[in-house]
Amino acid sequence: MAADSGSSILGPDFEPTCIVCTVAVLVEEPYRAPSAMLAEAHFCPIEKSYDVLVKEIELAGELLEAHGADVVHFDASLGRARLDQLGPDDIARLWPRAPKEALRALSEVASRASRLSSRTGVPVLAVGKESVPVRIAELCCGAHGFLSAVRKALEEGGEVLLGLPIRCSLSVSGGTVIARSLTPGEHDLIGLAEDGEGITGKVAFVEMPNPTLRGFRMVRIRPSS
């Protein structure tokens with residue numbers, strides 16, 4: 001099990017203005033796609049981006065309570081330490097260059113992880129980007145972020161520029177948004193989002209590279225005329 005936050009609304013300079021959503025996923029063998037997930041769109045302002053770390057442990061906890069898991073992978077690269085056993089001083093030692101806002105948010109995450117682990121007996125590991133479930137959660141953020149951006153474009157009646165997670169490409173098939181990894185060796189990893197309202201059919205969209213950030217792609221979305 002893992003959670004991540006991602007996709008962004010881009011400004012005219014192609015820079016992110018907010019983080020669109022957080023997704024928690026249950027990933028089971030053969031570890032290619034989510035077996036279950038929870039997603040929440042929040043459009044968190046980029047200046048408050050560390051706040052999404054708390055949202056990630058919240059959603060992971062909700063999904064864990066509903067489905068169970070052997071372990072929770074958290075998107076923080078702290079040498080695979082047990083996040084549920086770390087205090088603020090431990091986090092500062094493992095992440096010596098972290099901004100104060102990041103240390104504050106991660107300390108809150110560790111406190112919540114400790115309570116979650118005590119209640120469920122499931123460890124929370126600070127695995128970071130090395131985790132396949134975290135990558136699948138990231139891809140799911142691409143898929144759910146696209147749905148949220150489509151809804152935003154329709155509600156506002158205008159164009160939305162969505163930044164996708166790194167090395168990610170989208171397609172829509174039969175009411176399902178599919179986010180595929182473009183990373184070598186990850187060709188079979190996907191993230192998913194179900195378009196139960198059929199809103200993707202009400203917009204025109206085109207995917208392209210972000211010209212200012214190599215490895216990232218973006219989607220220009222506008223209501224169909």
# chains A, B, ... in the order shown; residues from 1 in each chain; ligands from 1
$ residues_around --residues "Tyr31 in chain A" --least-positions-apart "4" --cutoff "9 Å" --atoms "only C-alpha atoms" --output "compact mmCIF listing (two decimals) with N, CA and C atoms, in the first residue's frame"
# COMPACT_ATOMS: atom_id res chain seq x y z
N VAL A 27 -1.72 -2.24 -3.70
CA VAL A 27 -1.06 -2.90 -4.83
C VAL A 27 -0.73 -4.32 -4.44
N VAL A 132 7.66 0.61 -5.84
CA VAL A 132 6.75 0.42 -6.97
C VAL A 132 5.33 0.86 -6.61
N PRO A 133 4.79 0.51 -5.43
CA PRO A 133 3.46 1.04 -5.08
C PRO A 133 3.39 2.57 -5.06
N ILE A 136 3.04 3.60 -8.63
CA ILE A 136 1.69 3.36 -9.11
C ILE A 136 0.73 4.41 -8.56
N LEU A 189 3.64 -0.73 -15.77
CA LEU A 189 3.02 -0.07 -14.62
C LEU A 189 1.98 0.95 -15.10
$ residues_around --residues "range 39-53 of chain A" --least-positions-apart "5" --cutoff "8 Å" --atoms "only C-alpha atoms" --output "compact mmCIF listing (two decimals) with N, CA, C and O atoms, in the first residue's frame"
# COMPACT_ATOMS: atom_id res chain seq x y z
N SER A 5 0.92 12.31 -3.95
CA SER A 5 0.18 13.48 -4.43
C SER A 5 0.82 13.94 -5.72
O SER A 5 2.04 13.84 -5.90
N SER A 8 -0.49 18.80 -11.57
CA SER A 8 -0.50 20.21 -11.18
C SER A 8 -1.18 21.04 -12.26
O SER A 8 -1.16 20.68 -13.44
N PRO A 16 4.07 25.10 -12.04
CA PRO A 16 2.90 24.65 -11.28
C PRO A 16 2.37 25.72 -10.34
O PRO A 16 3.14 26.42 -9.68
N THR A 17 1.05 25.83 -10.28
CA THR A 17 0.41 26.75 -9.35
C THR A 17 -0.23 26.02 -8.16
O THR A 17 -0.44 26.62 -7.11
N CYS A 18 -0.55 24.73 -8.35
CA CYS A 18 -1.13 23.96 -7.27
C CYS A 18 -0.96 22.47 -7.56
O CYS A 18 -0.74 22.06 -8.70
N ILE A 19 -1.03 21.66 -6.50
CA ILE A 19 -1.05 20.20 -6.63
C ILE A 19 -2.51 19.77 -6.67
O ILE A 19 -3.30 20.17 -5.82
N VAL A 20 -2.87 18.96 -7.66
CA VAL A 20 -4.28 18.69 -7.91
C VAL A 20 -4.88 17.69 -6.93
O VAL A 20 -5.96 17.90 -6.39
N CYS A 21 -4.20 16.56 -6.66
CA CYS A 21 -4.88 15.49 -5.93
C CYS A 21 -3.90 14.60 -5.16
O CYS A 21 -2.69 14.64 -5.38
N THR A 22 -4.47 13.81 -4.28
CA THR A 22 -3.75 12.77 -3.53
C THR A 22 -4.48 11.45 -3.76
O THR A 22 -5.71 11.42 -3.77
N VAL A 23 -3.71 10.39 -3.96
CA VAL A 23 -4.29 9.07 -4.18
C VAL A 23 -3.57 8.03 -3.32
O VAL A 23 -2.34 8.03 -3.26
N ALA A 24 -4.33 7.20 -2.64
CA ALA A 24 -3.79 6.04 -1.92
C ALA A 24 -4.18 4.79 -2.70
O ALA A 24 -5.29 4.69 -3.23
N LEU A 59 -5.18 9.32 3.80
CA LEU A 59 -5.83 8.45 2.82
C LEU A 59 -5.28 7.03 2.89
O LEU A 59 -6.05 6.06 2.76
N GLU A 101 9.17 23.81 7.03
CA GLU A 101 7.80 23.40 6.73
C GLU A 101 7.73 21.89 6.45
O GLU A 101 6.76 21.22 6.85
N ALA A 102 8.75 21.37 5.79
CA ALA A 102 8.78 19.94 5.49
C ALA A 102 8.96 19.13 6.77
O ALA A 102 8.31 18.09 6.96
N ALA A 105 5.66 19.08 8.68
CA ALA A 105 4.67 18.20 8.07
C ALA A 105 5.03 16.74 8.26
O ALA A 105 4.17 15.91 8.60
N LEU A 106 6.31 16.40 8.08
CA LEU A 106 6.70 15.01 8.20
C LEU A 106 6.66 14.53 9.64
O LEU A 106 6.39 13.35 9.91
N VAL A 109 3.19 13.60 10.09
CA VAL A 109 2.96 12.32 9.41
C VAL A 109 3.45 11.17 10.28
O VAL A 109 2.76 10.15 10.44
N HIS A 144 -6.22 10.57 -12.09
CA HIS A 144 -7.24 11.31 -11.34
C HIS A 144 -7.06 12.82 -11.49
O HIS A 144 -8.05 13.57 -11.50
N GLY A 145 -5.81 13.25 -11.62
CA GLY A 145 -5.57 14.67 -11.87
C GLY A 145 -6.18 15.12 -13.18
O GLY A 145 -6.73 16.23 -13.29
N SER A 148 -9.92 15.52 -12.71
CA SER A 148 -10.20 16.75 -11.95
C SER A 148 -10.01 17.98 -12.82
O SER A 148 -10.78 18.95 -12.72
$ closest_residue --among "A:Val124, A:Cys140, A:Val71, A:Leu116" --to "Val177 in chain A" --atoms "only C-alpha atoms"
A:Cys140
$ select_by_dssp --residues "range 49-189 of chain A" --states "strand (DSSP E)" --output "ChimeraX atom specification"
/A:72-74,124-126,160-163,168-173,176-181
$ select_by_dssp --residues "range 56-96 of chain A" --states "helix (DSSP H, G or I)" --output "MDAnalysis selection string"
chainID A and resid 56:67 83:85 88:94
$ closest_residue --among "A:Arg214, A:Gly87, A:Gly201, A:Ala69" --to "Gly121 in chain A" --atoms "only C-alpha atoms"
A:Ala69
$ residues_around --residues "Ala66 in chain A" --least-positions-apart "3" --cutoff "12 Å" --atoms "only C-alpha atoms" --output "VMD selection string"
chain A and resid 1 24 to 26 36 to 38 59 to 63 69 120
$ write_last_selection --atoms "N, CA and C atoms" --output "compact mmCIF listing (two decimals), in the first residue's frame"
# COMPACT_ATOMS: atom_id res chain seq x y z
N MET A 1 0.85 -1.19 0.00
CA MET A 1 0.00 0.00 0.00
C MET A 1 0.88 1.24 0.00
N ALA A 24 -4.33 7.20 -2.64
CA ALA A 24 -3.79 6.04 -1.92
C ALA A 24 -4.18 4.79 -2.70
N VAL A 25 -3.25 3.83 -2.78
CA VAL A 25 -3.50 2.62 -3.57
C VAL A 25 -3.12 1.38 -2.78
N LEU A 26 -3.88 0.32 -3.01
CA LEU A 26 -3.50 -1.02 -2.58
C LEU A 26 -2.94 -1.71 -3.81
N ALA A 36 -7.11 -1.49 -5.34
CA ALA A 36 -8.12 -0.62 -4.74
C ALA A 36 -7.47 0.74 -4.54
N MET A 37 -8.28 1.79 -4.48
CA MET A 37 -7.70 3.12 -4.30
C MET A 37 -8.71 4.08 -3.70
N LEU A 38 -8.17 5.15 -3.12
CA LEU A 38 -8.94 6.30 -2.67
C LEU A 38 -8.28 7.54 -3.25
N LEU A 59 -5.18 9.32 3.80
CA LEU A 59 -5.83 8.45 2.82
C LEU A 59 -5.28 7.03 2.89
N ALA A 60 -3.98 6.90 3.11
CA ALA A 60 -3.40 5.56 3.26
C ALA A 60 -4.03 4.84 4.45
N GLY A 61 -4.24 5.58 5.54
CA GLY A 61 -4.86 4.98 6.72
C GLY A 61 -6.29 4.55 6.45
N GLU A 62 -7.06 5.37 5.73
CA GLU A 62 -8.44 5.01 5.40
C GLU A 62 -8.49 3.75 4.54
N LEU A 63 -7.59 3.70 3.55
CA LEU A 63 -7.58 2.52 2.67
C LEU A 63 -7.11 1.28 3.42
N ALA A 69 -3.38 -4.53 4.61
CA ALA A 69 -2.14 -4.61 3.83
C ALA A 69 -1.04 -5.12 4.74
N THR A 120 -3.21 -0.95 13.87
CA THR A 120 -3.37 -2.01 12.86
C THR A 120 -2.26 -3.06 12.88
$ closest_residue --among "A:Gly196, A:Pro184, A:Pro34, A:Gly11" --to "Val134 in chain A" --atoms "only C-alpha atoms"
A:Pro34
$ atom_distance --atom1 "CA of Ser117 in chain A" --atom2 "CA of Ser35 in chain A"
21.5 Å
$ residues_around --residues "Asp195 in chain A" --least-positions-apart "5" --cutoff "8 Å" --atoms "only C-alpha atoms" --output "PyMOL selection string"
chain A and resi 147+175-177+200
